[in-house]
Amino acid sequence: MINLNSLRSRPLSKRFGGRFDVDRKQNRLKEISELEALDGFWNDSANATKIQKERSLIEEVIKLYSKVKTLADDFEVLCEMSDAGDASSAQEALDLFPKLQTALSEAEKKALLAGETDPNNAIVTINAGAGGTESCDWAGMLLRMVQRWCEAHGFKATVTDFQYGDSAGIKSATLLVQGNYAYGLLKSESGVHRLVRISPFDSNARRHTSFSSIFVSAEVDDTIEIEVLDKDLRVDVYRSGGAGGQSVNTADSAVRLTHLPSGIVVACQNERSQIQNRAMAMKILKSRLYDLEMKKRQEALDKIEAGKKDIAWGSQIRSYVLHPYQLVKDHRTGFSTSQAQSVLDGDLDDFMKAFLQWKSLGGEVQDTGMDDL
């Protein structure tokens, strides 16, 4: 008879109940249903949208917890039947256990997303570092990596600004990623990313090291007041760029906003009119300013400065080595994998989970990555 005692899961399923506070969330769903039934509720579209977002988040948590509980209860019953001598139940329990592990892993990740802005949409900005074509190509690879992750998880990723590299890749790009907990998950990618590979642009096939950065901020909604004075803004209007075709806007409709006190620069060229581009650029700017203020309140100005360091050696959060071996290693958490191509294809979940666990434990850097990479 197979011994399943080491896999008993009931304690595992119970450990998330308190963090999810399911009873309180179910009561809140009832309150929301009552609010939706009130006369005039849907007349206030802004408030209705906010309440619907809250409902979606609550339902997502309850659905996940219910899934874990159901799998855990089924597994426990099968284990008890196995203890009574039922060999087929033992095999069913073994078949069920991987599904339970996956659900528990997802529940643990969701339980760690407790920040105020973790449920928000994310604004992701990618910039090439020093190094010309090499870094621009690497920035393009990072953009693809993030987009592939978004596709795999059902997030909507809209490019709001895009600057091509001179010969390959991109100089910069900004994405608006929409979906529940987009910011809470993608914040793990914020920092400098280092690539080591045989350069496809070097006729002598030499190994090159390239750097590009990703900056992630939470999209702020209208309930958070961020004051931006006209005197603090410089507004530049220019012609939108693109790949060509009917979608190219030939008017000077792209908008670049420079916030003079902070030095933050944002741009948008994806919308159809200058007014729409300015509105989107202002939303991105407010999100960046909010992110900056939150870091100040948390007395983390040192981390802000770290994000402004040169996109070069010694400042990377993660290294991607493609030659002479394959390894992707996060220098904050110490997590690594040899499945480099899978990571570049958007398989970032393990890195995100490791980052959330690392943050919950205080966020002490595990290693610099300078010795073994």
# chains A, B, ... in the order shown; residues from 1 in each chain; ligands from 1

call {"tool": "residues_around", "arguments": {"residues": "Asn180 in chain A", "least_positions_apart": "2", "cutoff": "10 Å", "atoms": "only C-alpha atoms", "output": "JSON, numbers by chain"}}
result
{"A": [53, 54, 56, 57, 60, 118, 119, 120, 121, 122, 154, 155, 177, 178, 182, 183, 184, 185]}

call {"tool": "write_last_selection", "arguments": {"atoms": "C-alpha atoms", "output": "PDB file, in the first residue's frame"}}
result
ATOM      1  CA  LYS A  53     -13.588  46.049  -9.883  1.00  0.00           C
ATOM      2  CA  GLU A  54     -13.883  45.239  -6.180  1.00  0.00           C
ATOM      3  CA  SER A  56     -14.107  40.966  -9.532  1.00  0.00           C
ATOM      4  CA  LEU A  57     -11.179  40.892  -7.102  1.00  0.00           C
ATOM      5  CA  GLU A  60     -11.306  35.777  -7.872  1.00  0.00           C
ATOM      6  CA  ASP A 118      -1.100  45.289  -5.915  1.00  0.00           C
ATOM      7  CA  PRO A 119      -4.564  44.705  -7.498  1.00  0.00           C
ATOM      8  CA  ASN A 120      -4.098  47.636  -9.920  1.00  0.00           C
ATOM      9  CA  ASN A 121      -3.187  47.701 -13.587  1.00  0.00           C
ATOM     10  CA  ALA A 122       0.528  48.112 -14.310  1.00  0.00           C
ATOM     11  CA  GLY A 154      -5.028  36.753 -19.956  1.00  0.00           C
ATOM     12  CA  PHE A 155      -3.791  40.297 -19.305  1.00  0.00           C
ATOM     13  CA  VAL A 177      -1.078  46.075 -18.641  1.00  0.00           C
ATOM     14  CA  GLN A 178      -4.702  45.654 -17.581  1.00  0.00           C
ATOM     15  CA  ALA A 182      -1.114  43.120 -12.841  1.00  0.00           C
ATOM     16  CA  TYR A 183       1.052  45.488 -10.792  1.00  0.00           C
ATOM     17  CA  GLY A 184       1.444  43.118  -7.844  1.00  0.00           C
ATOM     18  CA  LEU A 185       2.874  40.456 -10.134  1.00  0.00           C
TER      19      LEU A 185
END

call {"tool": "select_by_dssp", "arguments": {"residues": "range 126-300 of chain A", "states": "strand (DSSP E or B)", "output": "PyMOL selection string"}}
result
chain A and resi 126-128+156-164+170-178+191-198+207-218+233-238+254-259+264-268

call {"tool": "write_last_selection", "arguments": {"atoms": "C-alpha atoms", "output": "PDB file, in the first residue's frame"}}
result
ATOM      1  CA  ILE A 126      11.434  49.300 -20.930  1.00  0.00           C
ATOM      2  CA  ASN A 127      14.610  51.219 -21.807  1.00  0.00           C
ATOM      3  CA  ALA A 128      17.759  50.082 -23.615  1.00  0.00           C
ATOM      4  CA  LYS A 156      -4.402  42.996 -21.910  1.00  0.00           C
ATOM      5  CA  ALA A 157      -1.120  44.720 -22.821  1.00  0.00           C
ATOM      6  CA  THR A 158      -1.383  47.936 -24.835  1.00  0.00           C
ATOM      7  CA  VAL A 159       1.704  49.690 -26.196  1.00  0.00           C
ATOM      8  CA  THR A 160       1.278  53.413 -25.433  1.00  0.00           C
ATOM      9  CA  ASP A 161       4.721  54.579 -26.570  1.00  0.00           C
ATOM     10  CA  PHE A 162       7.403  52.958 -28.729  1.00  0.00           C
ATOM     11  CA  GLN A 163      10.784  54.060 -30.066  1.00  0.00           C
ATOM     12  CA  TYR A 164      12.648  51.791 -32.509  1.00  0.00           C
ATOM     13  CA  ILE A 170      13.848  49.204 -29.414  1.00  0.00           C
ATOM     14  CA  LYS A 171      15.224  52.199 -27.569  1.00  0.00           C
ATOM     15  CA  SER A 172      12.176  52.327 -25.304  1.00  0.00           C
ATOM     16  CA  ALA A 173       8.583  51.155 -24.967  1.00  0.00           C
ATOM     17  CA  THR A 174       5.739  51.691 -22.521  1.00  0.00           C
ATOM     18  CA  LEU A 175       2.975  49.153 -21.905  1.00  0.00           C
ATOM     19  CA  LEU A 176      -0.320  49.529 -20.066  1.00  0.00           C
ATOM     20  CA  VAL A 177      -1.078  46.075 -18.641  1.00  0.00           C
ATOM     21  CA  GLN A 178      -4.702  45.654 -17.581  1.00  0.00           C
ATOM     22  CA  GLY A 191      15.170  46.877 -12.326  1.00  0.00           C
ATOM     23  CA  VAL A 192      18.153  46.328 -14.602  1.00  0.00           C
ATOM     24  CA  HIS A 193      18.303  43.083 -16.612  1.00  0.00           C
ATOM     25  CA  ARG A 194      21.633  41.706 -17.902  1.00  0.00           C
ATOM     26  CA  LEU A 195      22.105  39.473 -20.964  1.00  0.00           C
ATOM     27  CA  VAL A 196      25.220  37.410 -21.775  1.00  0.00           C
ATOM     28  CA  ARG A 197      25.305  35.753 -25.208  1.00  0.00           C
ATOM     29  CA  ILE A 198      27.175  35.280 -28.463  1.00  0.00           C
ATOM     30  CA  ARG A 207      30.456  36.975 -26.334  1.00  0.00           C
ATOM     31  CA  HIS A 208      28.741  40.243 -25.404  1.00  0.00           C
ATOM     32  CA  THR A 209      27.060  41.556 -22.240  1.00  0.00           C
ATOM     33  CA  SER A 210      24.067  43.860 -22.651  1.00  0.00           C
ATOM     34  CA  PHE A 211      21.894  45.780 -20.195  1.00  0.00           C
ATOM     35  CA  SER A 212      18.330  47.090 -20.354  1.00  0.00           C
ATOM     36  CA  SER A 213      15.922  48.229 -17.660  1.00  0.00           C
ATOM     37  CA  ILE A 214      12.289  47.655 -16.791  1.00  0.00           C
ATOM     38  CA  PHE A 215      10.387  50.098 -14.592  1.00  0.00           C
ATOM     39  CA  VAL A 216       6.949  49.075 -13.287  1.00  0.00           C
ATOM     40  CA  SER A 217       4.452  51.385 -11.570  1.00  0.00           C
ATOM     41  CA  ALA A 218       0.828  50.916 -10.544  1.00  0.00           C
ATOM     42  CA  LEU A 233       4.713  70.586 -16.891  1.00  0.00           C
ATOM     43  CA  ARG A 234       6.457  70.910 -20.214  1.00  0.00           C
ATOM     44  CA  VAL A 235       4.298  69.596 -23.045  1.00  0.00           C
ATOM     45  CA  ASP A 236       5.859  68.563 -26.351  1.00  0.00           C
ATOM     46  CA  VAL A 237       3.798  67.505 -29.360  1.00  0.00           C
ATOM     47  CA  TYR A 238       5.333  65.517 -32.196  1.00  0.00           C
ATOM     48  CA  ALA A 254       1.928  62.251 -30.050  1.00  0.00           C
ATOM     49  CA  VAL A 255       2.412  63.898 -26.655  1.00  0.00           C
ATOM     50  CA  ARG A 256       5.413  63.974 -24.333  1.00  0.00           C
ATOM     51  CA  LEU A 257       5.007  65.323 -20.785  1.00  0.00           C
ATOM     52  CA  THR A 258       7.991  66.371 -18.668  1.00  0.00           C
ATOM     53  CA  HIS A 259       7.301  66.892 -14.969  1.00  0.00           C
ATOM     54  CA  ILE A 264       9.866  62.272 -14.886  1.00  0.00           C
ATOM     55  CA  VAL A 265       9.215  62.097 -18.629  1.00  0.00           C
ATOM     56  CA  VAL A 266       6.322  60.122 -20.137  1.00  0.00           C
ATOM     57  CA  ALA A 267       4.939  59.915 -23.658  1.00  0.00           C
ATOM     58  CA  CYS A 268       1.984  58.469 -25.515  1.00  0.00           C
TER      59      CYS A 268
END

call {"tool": "atom_distance", "arguments": {"atom1": "CA of Ser336 in chain A", "atom2": "CA of Gly169 in chain A"}}
result
26.0 Å

call {"tool": "residues_around", "arguments": {"residues": "Leu100 in chain A", "least_positions_apart": "6", "cutoff": "7 Å", "atoms": "only C-alpha atoms", "output": "VMD selection string"}}
result
chain A and resid 68 71 to 72

call {"tool": "select_by_dssp", "arguments": {"residues": "range 125-322 of chain A", "states": "helix (DSSP H, G or I)", "output": "PyMOL selection string"}}
result
chain A and resi 133-152+182-189+230-232+274-297+301-307

call {"tool": "atom_distance", "arguments": {"atom1": "CA of Phe335 in chain A", "atom2": "CA of Met352 in chain A"}}
result
10.0 Å

call {"tool": "atom_distance", "arguments": {"atom1": "CA of Asp73 in chain A", "atom2": "CA of Lys25 in chain A"}}
result
21.4 Å

call {"tool": "closest_residue", "arguments": {"among": "A:Val61, A:Ala87, A:Leu143, A:Ala37", "to": "Asp21 in chain A", "atoms": "only C-alpha atoms"}}
result
A:Val61
